[in-house]
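Dumped work.txt below, it's compact mmCIF, C-alpha atoms and all ligand atoms:
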# COMPACT_ATOMS: atom_id res chain seq x y z
CA MET A 24 16.45 15.32 44.46
CA TYR A 25 15.79 11.69 43.45
CA THR A 26 18.96 9.77 42.59
CA PRO A 27 18.46 6.53 40.61
CA TYR A 28 20.27 3.45 41.92
CA TYR A 29 20.54 1.67 38.57
CA ARG A 30 21.79 3.76 35.65
CA PRO A 31 21.60 2.18 32.16
CA ARG A 32 23.44 5.23 30.81
CA ARG A 33 26.67 3.85 32.35
CA LEU A 34 26.90 1.38 29.46
CA ARG A 35 26.26 4.08 26.87
CA ARG A 36 28.94 6.49 28.00
CA THR A 37 31.62 5.94 25.32
CA PRO A 38 31.68 4.47 21.82
CA ARG A 39 33.95 1.63 23.00
CA ILE A 40 31.63 0.62 25.80
CA ARG A 41 28.61 0.81 23.50
CA GLU A 42 30.37 -1.48 21.05
CA MET A 43 31.14 -3.96 23.82
CA VAL A 44 27.50 -4.39 24.77
CA ARG A 45 26.05 -4.18 21.26
CA GLU A 46 23.78 -7.17 20.64
CA THR A 47 23.31 -7.06 16.89
CA VAL A 48 26.09 -6.44 14.42
CA LEU A 49 25.47 -6.46 10.69
CA THR A 50 28.19 -8.21 8.67
CA ARG A 51 28.83 -8.55 4.97
CA ASN A 52 27.84 -12.22 5.13
CA ASP A 53 24.28 -11.12 5.85
CA LEU A 54 23.90 -9.42 2.48
CA ILE A 55 22.33 -10.51 -0.80
CA LEU A 56 22.17 -8.01 -3.67
CA PRO A 57 19.33 -8.17 -6.25
CA LEU A 58 20.36 -7.65 -9.89
CA PHE A 59 18.23 -7.24 -13.02
CA VAL A 60 19.38 -8.73 -16.29
CA ILE A 61 17.97 -7.76 -19.66
CA ALA A 62 18.50 -8.90 -23.25
CA GLY A 63 20.90 -7.06 -25.55
CA LYS A 64 24.49 -5.89 -25.44
CA ASP A 65 26.01 -2.91 -23.69
CA VAL A 66 22.69 -2.04 -22.05
CA ARG A 67 22.65 -0.27 -18.70
CA ASN A 68 19.18 1.28 -18.29
CA PRO A 69 18.73 3.30 -15.11
CA ILE A 70 15.62 2.38 -13.13
CA SER A 71 14.03 5.74 -12.38
CA SER A 72 12.31 4.78 -9.14
CA MET A 73 15.45 3.01 -7.86
CA PRO A 74 18.33 5.46 -8.28
CA GLY A 75 21.63 3.58 -8.42
CA HIS A 76 20.08 0.43 -9.93
CA TYR A 77 20.01 -0.62 -13.56
CA GLN A 78 18.69 -3.17 -15.99
CA LEU A 79 21.95 -4.75 -17.14
CA SER A 80 22.69 -6.76 -20.24
CA VAL A 81 24.73 -9.91 -19.63
CA ASP A 82 28.09 -8.22 -20.39
CA HIS A 83 27.40 -5.50 -17.79
CA LEU A 84 25.98 -8.04 -15.38
CA VAL A 85 29.27 -9.94 -15.45
CA ARG A 86 31.17 -6.73 -14.74
CA GLU A 87 28.85 -5.98 -11.85
CA ALA A 88 29.18 -9.52 -10.48
CA ARG A 89 32.96 -9.14 -10.47
CA GLU A 90 32.75 -5.88 -8.56
CA VAL A 91 30.23 -7.24 -6.08
CA HIS A 92 32.45 -10.23 -5.39
CA ARG A 93 35.59 -8.11 -5.10
CA ARG A 94 33.90 -5.87 -2.55
CA GLY A 95 32.95 -8.83 -0.38
CA ILE A 96 29.23 -9.28 -0.97
CA PRO A 97 28.78 -13.06 -0.87
CA ALA A 98 25.60 -13.46 -2.92
CA VAL A 99 23.32 -11.99 -5.56
CA ILE A 100 19.76 -12.82 -6.56
CA LEU A 101 19.03 -12.57 -10.27
CA PHE A 102 15.85 -11.37 -11.98
CA GLY A 103 15.50 -11.77 -15.74
CA ILE A 104 13.69 -9.52 -18.18
CA PRO A 105 13.19 -11.45 -21.42
CA GLU A 106 13.05 -10.02 -24.93
CA GLN A 107 9.71 -11.69 -25.62
CA LYS A 108 6.91 -12.26 -23.15
CA ASP A 109 4.05 -14.67 -23.82
CA PRO A 110 1.10 -16.16 -21.91
CA GLY A 111 3.13 -19.13 -20.64
CA GLY A 112 6.41 -17.33 -19.94
CA SER A 113 8.36 -19.60 -22.29
CA ASP A 114 11.64 -17.65 -22.10
CA ALA A 115 12.00 -18.90 -18.52
CA LEU A 116 11.91 -22.51 -19.73
CA SER A 117 14.65 -22.27 -22.31
CA ASP A 118 18.40 -22.82 -22.01
CA ASP A 119 18.70 -19.84 -24.38
CA GLY A 120 16.49 -17.67 -22.17
CA ILE A 121 17.79 -14.58 -20.43
CA ILE A 122 18.34 -16.16 -17.02
CA ALA A 123 20.04 -19.27 -18.41
CA ARG A 124 22.48 -17.11 -20.37
CA ALA A 125 23.09 -14.81 -17.41
CA LEU A 126 23.76 -17.75 -15.09
CA ARG A 127 26.32 -19.33 -17.38
CA ALA A 128 28.14 -16.04 -17.90
CA VAL A 129 28.25 -15.08 -14.23
CA LYS A 130 29.21 -18.51 -12.92
CA ASP A 131 31.90 -18.75 -15.56
CA ALA A 132 33.39 -15.35 -14.68
CA VAL A 133 32.97 -15.42 -10.88
CA PRO A 134 32.49 -19.01 -9.74
CA GLU A 135 32.83 -18.16 -6.02
CA LEU A 136 29.91 -15.73 -6.03
CA VAL A 137 26.75 -17.40 -4.70
CA VAL A 138 24.11 -16.95 -7.38
CA ILE A 139 20.50 -17.28 -6.33
CA THR A 140 17.68 -17.19 -8.87
CA ASP A 141 14.17 -15.87 -8.42
CA VAL A 142 11.83 -18.62 -9.56
CA CYS A 143 8.60 -17.08 -10.80
CA PHE A 144 6.80 -16.24 -14.03
CA CYS A 145 5.65 -12.65 -13.59
CA GLU A 146 8.66 -11.27 -15.45
CA TYR A 147 8.09 -13.70 -18.35
CA THR A 148 4.34 -13.63 -18.98
CA ASP A 149 2.74 -10.99 -21.18
CA HIS A 150 -0.13 -10.59 -18.69
CA GLY A 151 2.31 -10.07 -15.80
CA HIS A 152 0.85 -12.67 -13.44
CA CYS A 153 3.02 -15.26 -11.71
CA GLY A 154 1.84 -18.25 -13.75
CA PRO A 155 -0.42 -19.23 -16.65
CA LEU A 156 -4.01 -18.08 -16.38
CA SER A 157 -7.23 -19.96 -16.23
CA GLY A 158 -9.83 -17.27 -16.83
CA HIS A 159 -8.62 -14.27 -14.85
CA ASP A 160 -6.81 -16.18 -12.15
CA VAL A 161 -3.47 -17.97 -12.04
CA ASP A 162 -3.83 -21.73 -12.53
CA ASN A 163 -2.01 -23.02 -9.45
CA ASP A 164 -1.30 -26.60 -10.44
CA ALA A 165 -0.39 -25.81 -14.04
CA THR A 166 2.07 -23.30 -12.61
CA LEU A 167 3.67 -26.02 -10.48
CA SER A 168 4.59 -28.07 -13.56
CA LEU A 169 6.10 -24.99 -15.19
CA LEU A 170 8.04 -24.14 -12.01
CA GLN A 171 9.50 -27.65 -12.14
CA GLN A 172 10.74 -27.01 -15.66
CA GLN A 173 12.00 -23.52 -14.81
CA VAL A 174 14.00 -24.68 -11.84
CA LYS A 175 15.71 -27.39 -13.87
CA VAL A 176 16.88 -24.70 -16.29
CA HIS A 177 18.31 -22.72 -13.38
CA ALA A 178 20.03 -25.72 -11.84
CA ARG A 179 21.62 -26.96 -15.03
CA ASN A 180 22.91 -23.53 -15.92
CA GLY A 181 24.63 -23.06 -12.59
CA ALA A 182 22.30 -21.62 -9.94
CA ASP A 183 23.65 -22.18 -6.43
CA MET A 184 20.28 -21.71 -4.77
CA VAL A 185 16.73 -21.20 -6.02
CA ALA A 186 14.14 -18.84 -4.58
CA PRO A 187 10.52 -19.45 -5.56
CA SER A 188 8.54 -16.24 -5.12
CA GLY A 189 5.14 -16.89 -6.67
CA MET A 190 3.23 -17.98 -3.53
CA MET A 191 1.65 -20.92 -5.35
CA ASP A 192 0.36 -23.69 -3.10
CA GLY A 193 2.77 -26.63 -3.20
CA MET A 194 5.55 -24.75 -5.00
CA VAL A 195 8.34 -25.80 -2.65
CA GLY A 196 7.42 -29.50 -2.77
CA ALA A 197 7.11 -29.43 -6.56
CA ILE A 198 10.49 -27.72 -6.91
CA ARG A 199 12.23 -30.06 -4.46
CA GLU A 200 10.87 -33.05 -6.40
CA ALA A 201 12.06 -31.66 -9.74
CA LEU A 202 15.55 -30.83 -8.44
CA ASP A 203 15.96 -34.23 -6.80
CA GLN A 204 14.79 -36.09 -9.91
CA GLU A 205 17.50 -34.36 -11.93
CA GLY A 206 20.22 -35.10 -9.40
CA PHE A 207 20.31 -31.59 -7.90
CA THR A 208 19.78 -32.81 -4.35
CA HIS A 209 22.47 -30.40 -3.16
CA ILE A 210 20.74 -27.21 -4.31
CA PRO A 211 18.95 -25.42 -1.45
CA ILE A 212 15.56 -23.77 -1.74
CA MET A 213 15.10 -20.32 -0.25
CA SER A 214 11.34 -19.98 -0.22
CA TYR A 215 9.52 -16.66 -0.28
CA ALA A 216 7.35 -18.31 2.37
CA ALA A 217 5.49 -15.32 3.79
CA LYS A 218 5.18 -12.88 0.95
CA TYR A 219 2.58 -10.17 1.25
CA ALA A 220 0.50 -8.48 -1.45
CA SER A 221 2.34 -5.22 -0.95
CA GLY A 222 2.34 -1.76 -2.46
CA PHE A 223 6.05 -1.64 -1.67
CA TYR A 224 6.85 -3.71 -4.78
CA GLY A 225 6.00 -0.77 -7.07
CA PRO A 226 9.54 0.19 -8.15
CA PHE A 227 10.49 -3.46 -8.72
CA ARG A 228 7.70 -3.80 -11.21
CA GLU A 229 9.18 -0.91 -13.17
CA ALA A 230 12.60 -2.57 -12.93
CA ALA A 231 11.37 -6.00 -14.00
CA GLU A 232 8.60 -4.75 -16.29
CA SER A 233 6.30 -7.13 -14.46
CA SER A 234 3.16 -5.23 -13.42
CA PRO A 235 0.04 -7.33 -13.84
CA ARG A 236 -1.93 -6.11 -16.87
CA PHE A 237 -5.19 -6.52 -14.94
CA GLY A 238 -6.10 -7.14 -11.34
CA ASP A 239 -3.48 -7.63 -8.67
CA ARG A 240 -1.72 -10.46 -6.87
CA SER A 241 -4.04 -10.76 -3.87
CA THR A 242 -5.33 -14.21 -4.82
CA TYR A 243 -1.86 -15.60 -4.26
CA GLN A 244 0.17 -13.18 -2.13
CA MET A 245 -0.82 -12.70 1.51
CA ASP A 246 -3.15 -10.16 3.07
CA PRO A 247 -1.03 -7.59 4.97
CA ALA A 248 -3.48 -7.83 7.86
CA ASN A 249 -2.60 -11.46 8.68
CA SER A 250 0.12 -12.92 10.84
CA ASP A 251 -1.05 -16.38 12.02
CA GLU A 252 -1.47 -17.20 8.35
CA ALA A 253 2.22 -16.42 7.81
CA LEU A 254 3.14 -19.14 10.29
CA ARG A 255 0.92 -21.63 8.45
CA GLU A 256 2.53 -20.67 5.14
CA VAL A 257 6.01 -21.11 6.59
CA ALA A 258 5.08 -24.45 8.20
CA LEU A 259 3.91 -25.77 4.83
CA ASP A 260 7.10 -24.70 3.10
CA VAL A 261 9.21 -26.29 5.82
CA GLU A 262 7.29 -29.58 5.45
CA GLU A 263 7.78 -29.40 1.70
CA GLY A 264 11.52 -29.00 2.10
CA ALA A 265 12.43 -25.31 2.26
CA ASP A 266 16.00 -24.79 3.50
CA VAL A 267 15.70 -21.04 4.06
CA VAL A 268 12.41 -19.23 4.66
CA MET A 269 11.83 -15.63 3.72
CA VAL A 270 9.58 -12.85 4.92
CA LYS A 271 8.84 -10.05 2.49
CA PRO A 272 8.70 -7.03 2.64
CA ALA A 273 10.94 -6.45 5.67
CA MET A 274 10.49 -3.17 7.57
CA PRO A 275 6.67 -3.15 7.72
CA TYR A 276 6.69 -6.87 8.67
CA LEU A 277 9.30 -7.14 11.43
CA ASP A 278 6.72 -8.72 13.74
CA ILE A 279 6.25 -11.53 11.21
CA LEU A 280 9.99 -11.96 10.86
CA TYR A 281 10.36 -12.25 14.61
CA ARG A 282 7.57 -14.80 14.94
CA VAL A 283 8.93 -16.90 12.08
CA LYS A 284 12.45 -16.94 13.52
CA VAL A 285 11.27 -17.80 17.03
CA GLU A 286 8.77 -20.44 15.92
CA PHE A 287 10.88 -22.35 13.40
CA GLY A 288 14.50 -21.52 14.19
CA LEU A 289 15.44 -21.96 10.54
CA PRO A 290 17.82 -19.82 8.53
CA THR A 291 15.53 -16.89 7.88
CA ALA A 292 15.79 -14.29 5.16
CA ALA A 293 14.12 -10.90 4.89
CA TYR A 294 13.66 -8.95 1.68
CA GLN A 295 14.01 -5.19 2.08
CA VAL A 296 12.03 -4.54 -1.08
CA SER A 297 12.20 -1.94 -3.81
CA GLY A 298 9.69 0.43 -2.18
CA GLU A 299 11.63 0.39 1.07
CA TYR A 300 14.75 1.28 -0.91
CA ALA A 301 12.93 3.98 -2.87
CA MET A 302 11.48 5.75 0.13
CA LEU A 303 14.75 5.91 2.04
CA LYS A 304 16.63 6.91 -1.09
CA ALA A 305 14.14 9.64 -2.01
CA ALA A 306 14.17 11.16 1.46
CA ALA A 307 17.98 11.03 1.54
CA GLN A 308 18.21 12.74 -1.86
CA ARG A 309 16.13 15.59 -0.51
CA GLY A 310 18.31 15.85 2.54
CA TRP A 311 15.41 14.81 4.76
CA LEU A 312 17.19 11.74 6.11
CA ASP A 313 20.84 10.94 6.71
CA SER A 314 21.39 8.19 4.17
CA ASP A 315 24.28 6.25 5.76
CA ARG A 316 22.60 6.33 9.09
CA VAL A 317 19.16 5.10 8.05
CA ILE A 318 20.56 2.41 5.78
CA LEU A 319 22.57 0.87 8.61
CA GLU A 320 19.78 1.40 11.12
CA SER A 321 17.16 -0.25 8.91
CA LEU A 322 19.36 -3.26 8.13
CA THR A 323 20.40 -3.67 11.76
CA ALA A 324 16.74 -3.56 12.81
CA ILE A 325 15.89 -6.26 10.26
CA LYS A 326 18.70 -8.44 11.60
CA ARG A 327 17.70 -7.76 15.21
CA ALA A 328 14.15 -8.89 14.44
CA GLY A 329 15.44 -12.30 13.30
CA ALA A 330 16.92 -12.16 9.81
CA ASP A 331 20.02 -14.24 9.15
CA LEU A 332 20.11 -13.03 5.56
CA ILE A 333 18.93 -9.74 4.09
CA ILE A 334 18.17 -9.17 0.45
CA THR A 335 18.77 -5.46 0.01
CA TYR A 336 19.35 -2.95 -2.75
CA PHE A 337 21.65 -1.15 -0.28
CA ALA A 338 24.21 -3.99 -0.19
CA LYS A 339 26.83 -1.98 -2.11
CA ASP A 340 26.14 1.15 -0.03
CA VAL A 341 26.92 -0.59 3.26
CA VAL A 342 29.39 -3.34 2.51
CA ASP A 343 32.53 -1.24 2.83
CA LYS A 344 31.56 -0.24 6.36
CA LEU A 345 31.12 -3.82 7.58
CA THR A 346 33.44 -6.56 8.73
C1 LIG A 401 8.42 -11.84 -8.36
C2 LIG A 401 9.00 -10.94 -7.36
C3 LIG A 401 8.58 -9.66 -6.96
C4 LIG A 401 9.54 -9.18 -6.08
C5 LIG A 401 10.49 -10.19 -5.92
N1 LIG A 401 10.13 -11.27 -6.71
C6 LIG A 401 7.48 -8.81 -7.44
C7 LIG A 401 6.08 -9.08 -7.15
O1 LIG A 401 5.69 -9.99 -6.43
O2 LIG A 401 5.30 -8.33 -7.74
C8 LIG A 401 9.52 -7.82 -5.44
C9 LIG A 401 10.83 -7.32 -4.97
C10 LIG A 401 10.92 -5.87 -4.70
O3 LIG A 401 9.93 -5.11 -4.67
O4 LIG A 401 12.05 -5.42 -4.50
N2 LIG A 401 7.26 -12.49 -8.04
Structure encoded using structure tokens:
Amino acid sequence: MYTPYYRPRRLRRTPRIREMVRETVLTRNDLILPLFVIAGKDVRNPISSMPGHYQLSVDHLVREAREVHRRGIPAVILFGIPEQKDPGGSDALSDDGIIARALRAVKDAVPELVVITDVCFCEYTDHGHCGPLSGHDVDNDATLSLLQQQVKVHARNGADMVAPSGMMDGMVGAIREALDQEGFTHIPIMSYAAKYASGFYGPFREAAESSPRFGDRSTYQMDPANSDEALREVALDVEEGADVVMVKPAMPYLDILYRVKVEFGLPTAAYQVSGEYAMLKAAAQRGWLDSDRVILESLTAIKRAGADLIITYFAKDVVDKLT
């Protein structure tokens, strides 16, 4: 009989020993919860493809923000669904728009909660693309001017951090310039630096009512087949002043996350997107997967690959189990 000399199983023998040698431990400070805010009063519309998530009117959003803070989740990222959409996404540029009102209400009620805003136009335009169109394509540089206006609205209404997600060339530089001009030099930018044109955003587009009316986002979001390109995208955002860089989606792109973390060593975020939530949730509902187990496993894997921060729809499901 062959007897091994070195036995890795020695360090797996008991739960205590396993805990002692565990390399990656998820904590509540890693979590950011996405929330959807909609016009109206006393509205709490369930999102069918994201069980457990809702479009919330501002009054319900404030209630939710209080609960999230009380339970120890440090941050939320807000997405607005305006009453009126138009070709230029004007609701996003107004201090009476949905996000401006939501920001004021949440920051007033729960000032300690870190409130991040998604900076993009797809939820605000009637055509569903991430900026104004020129022909059938998004006009990059016209979008930059609008992003500068949008981000000023967020900053003056209380955003703690802004997260541009439109994958426009130059968006981080344009936003940094606008914030600095208005005296918001202290507001960090979390850039969706490597964001892929992904089928995993499907449920989000139901939640945010933001599906493109024609075409898709592949002229601005990245080709899932590319990884060197992700490093070039991140490098540009870093040069332009990004404070945190994000990779999105998370689980199918852990290799990208790892490369970005190793190459740049910056605070790195990963977005476990709506489709990742939906598939785990759906399988768990059928009893095909053990929900608690796969939630923790997926988030730990994302952290192990290099994420310092994880945007996840599971934040409330895990937070009570974390230190
Ligand atoms: C807006 C935006 C999207 C997501 C975050 N910000 C949608 C998209 O690009 O179509 C997706 C998040 C998710 O699927 O959970 N540009």
Please write out the residues within 7 Å of ligand LIG 401 (chain A) as a ChimeraX atom specification, counting only C-alpha atoms and all ligand atoms. /A:141,143,145,153,188-189,223-228,233-234,295-298
Give me the residues near Ala178 (chain A) as a PyMOL selection string, where near means some atom within 8 Å (using only C-alpha atoms) and where sequence neighbours in that chain fewer than 4 positions away do not count. chain A and resi 174+182-183+202+207+210
For Asn180 (chain A), which residue among A:Asp118, A:Glu286, A:Glu146, A:Glu106 is the nearest when counting only C-alpha atoms?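 Answer, going by the shortest atom-to-atom distance: A:Asp118.
Put simply, CA of Gly95 (chain A) is 18.2 Å away from CA of Thr323 (chain A).
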For the atom pair CA of Arg93 (chain A) and CA of Val60 (chain A), what is the interatomic distance in Å to one decimal place?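 Distance between the two atoms: 19.7 Å.
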Shell of 8 Å around Lys271 (chain A), all atoms listed in the file, local chain residues under 2 positions omitted, as a ChimeraX atom specification: /A:215,217-219,269,273,276,293-296
List the residues sitting within 12 Å of (5.0, -13.7, 18.1) in the file's frame, using only C-alpha atoms, as a PyMOL selection string. chain A and resi 250-251+253-254+276-287+328-329
Prev. selection, C-alpha atoms, output as an mmCIF file, in the frame of the given file:
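Result went into selection-v8.cif, see below:
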data_model
loop_
_atom_site.group_PDB
_atom_site.id
_atom_site.type_symbol
_atom_site.label_atom_id
_atom_site.label_comp_id
_atom_site.auth_asym_id
_atom_site.auth_seq_id
_atom_site.Cartn_x
_atom_site.Cartn_y
_atom_site.Cartn_z
ATOM 1 C CA SER A 250 0.120 -12.920 10.840
ATOM 2 C CA ASP A 251 -1.050 -16.380 12.020
ATOM 3 C CA ALA A 253 2.220 -16.420 7.810
ATOM 4 C CA LEU A 254 3.140 -19.140 10.290
ATOM 5 C CA TYR A 276 6.690 -6.870 8.670
ATOM 6 C CA LEU A 277 9.300 -7.140 11.430
ATOM 7 C CA ASP A 278 6.720 -8.720 13.740
ATOM 8 C CA ILE A 279 6.250 -11.530 11.210
ATOM 9 C CA LEU A 280 9.990 -11.960 10.860
ATOM 10 C CA TYR A 281 10.360 -12.250 14.610
ATOM 11 C CA ARG A 282 7.570 -14.800 14.940
ATOM 12 C CA VAL A 283 8.930 -16.900 12.080
ATOM 13 C CA LYS A 284 12.450 -16.940 13.520
ATOM 14 C CA VAL A 285 11.270 -17.800 17.030
ATOM 15 C CA GLU A 286 8.770 -20.440 15.920
ATOM 16 C CA PHE A 287 10.880 -22.350 13.400
ATOM 17 C CA ALA A 328 14.150 -8.890 14.440
ATOM 18 C CA GLY A 329 15.440 -12.300 13.300
#
Please determine the residues with any atom at most 7 Å from (21.0, -10.5, -9.3) (coordinates as given in the file, with only C-alpha atoms counting) and report them as a VMD selection string. chain A and resid 56 to 59 99 to 102
Could you tell me how far CA of Ser72 (chain A) lies from CA of Ala230 (chain A), in Å and to one decimal?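 The value is 8.3 Å.
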Padding of 4 Å on every side, edges along x, y and z, all listed atoms of region 179-183 of chain A included: what centre and edge lengths in Å, to one decimal, does that box have, as JSON?
{"center_x": 23.1, "center_y": -24.3, "center_z": -11.2, "size_x": 11.0, "size_y": 13.3, "size_z": 17.5}
Do a neighbour search on Val267 (chain A) at 8 Å with all atoms listed in the file, toss out local chain neighbours closer than 3 positions, and write the hits as an MDAnalysis selection string. chainID A and resid 211:214 289:292
Nearest residue to His159 (chain A) from the set A:Glu90, A:Leu126, A:Thr242, A:Tyr28 (distances using only C-alpha atoms): A:Thr242
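Between Val138 (chain A) and the residues A:Pro247, A:Pro97, A:Gly238, A:Pro155, the shortest atom-to-atom distance, using all atoms listed in the file, involves A:Pro97.
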Nearby residues (all atoms listed in the file) at most 10 Å from Ala123 (chain A), same-chain spacing under 2 positions excluded, as a tab-separated table (two decimals) with C-alpha atoms, keeping the file's coordinate frame:
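Here's the written file out27.tsv:
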chain	number	residue	atom	x	y	z
A	103	GLY	CA	15.50	-11.77	-15.74
A	114	ASP	CA	11.64	-17.65	-22.10
A	115	ALA	CA	12.00	-18.90	-18.52
A	116	LEU	CA	11.91	-22.51	-19.73
A	117	SER	CA	14.65	-22.27	-22.31
A	118	ASP	CA	18.40	-22.82	-22.01
A	119	ASP	CA	18.70	-19.84	-24.38
A	120	GLY	CA	16.49	-17.67	-22.17
A	121	ILE	CA	17.79	-14.58	-20.43
A	125	ALA	CA	23.09	-14.81	-17.41
A	126	LEU	CA	23.76	-17.75	-15.09
A	127	ARG	CA	26.32	-19.33	-17.38
A	128	ALA	CA	28.14	-16.04	-17.90
A	173	GLN	CA	12.00	-23.52	-14.81
A	176	VAL	CA	16.88	-24.70	-16.29
A	177	HIS	CA	18.31	-22.72	-13.38
A	178	ALA	CA	20.03	-25.72	-11.84
A	179	ARG	CA	21.62	-26.96	-15.03
A	180	ASN	CA	22.91	-23.53	-15.92
A	181	GLY	CA	24.63	-23.06	-12.59
A	182	ALA	CA	22.30	-21.62	-9.94
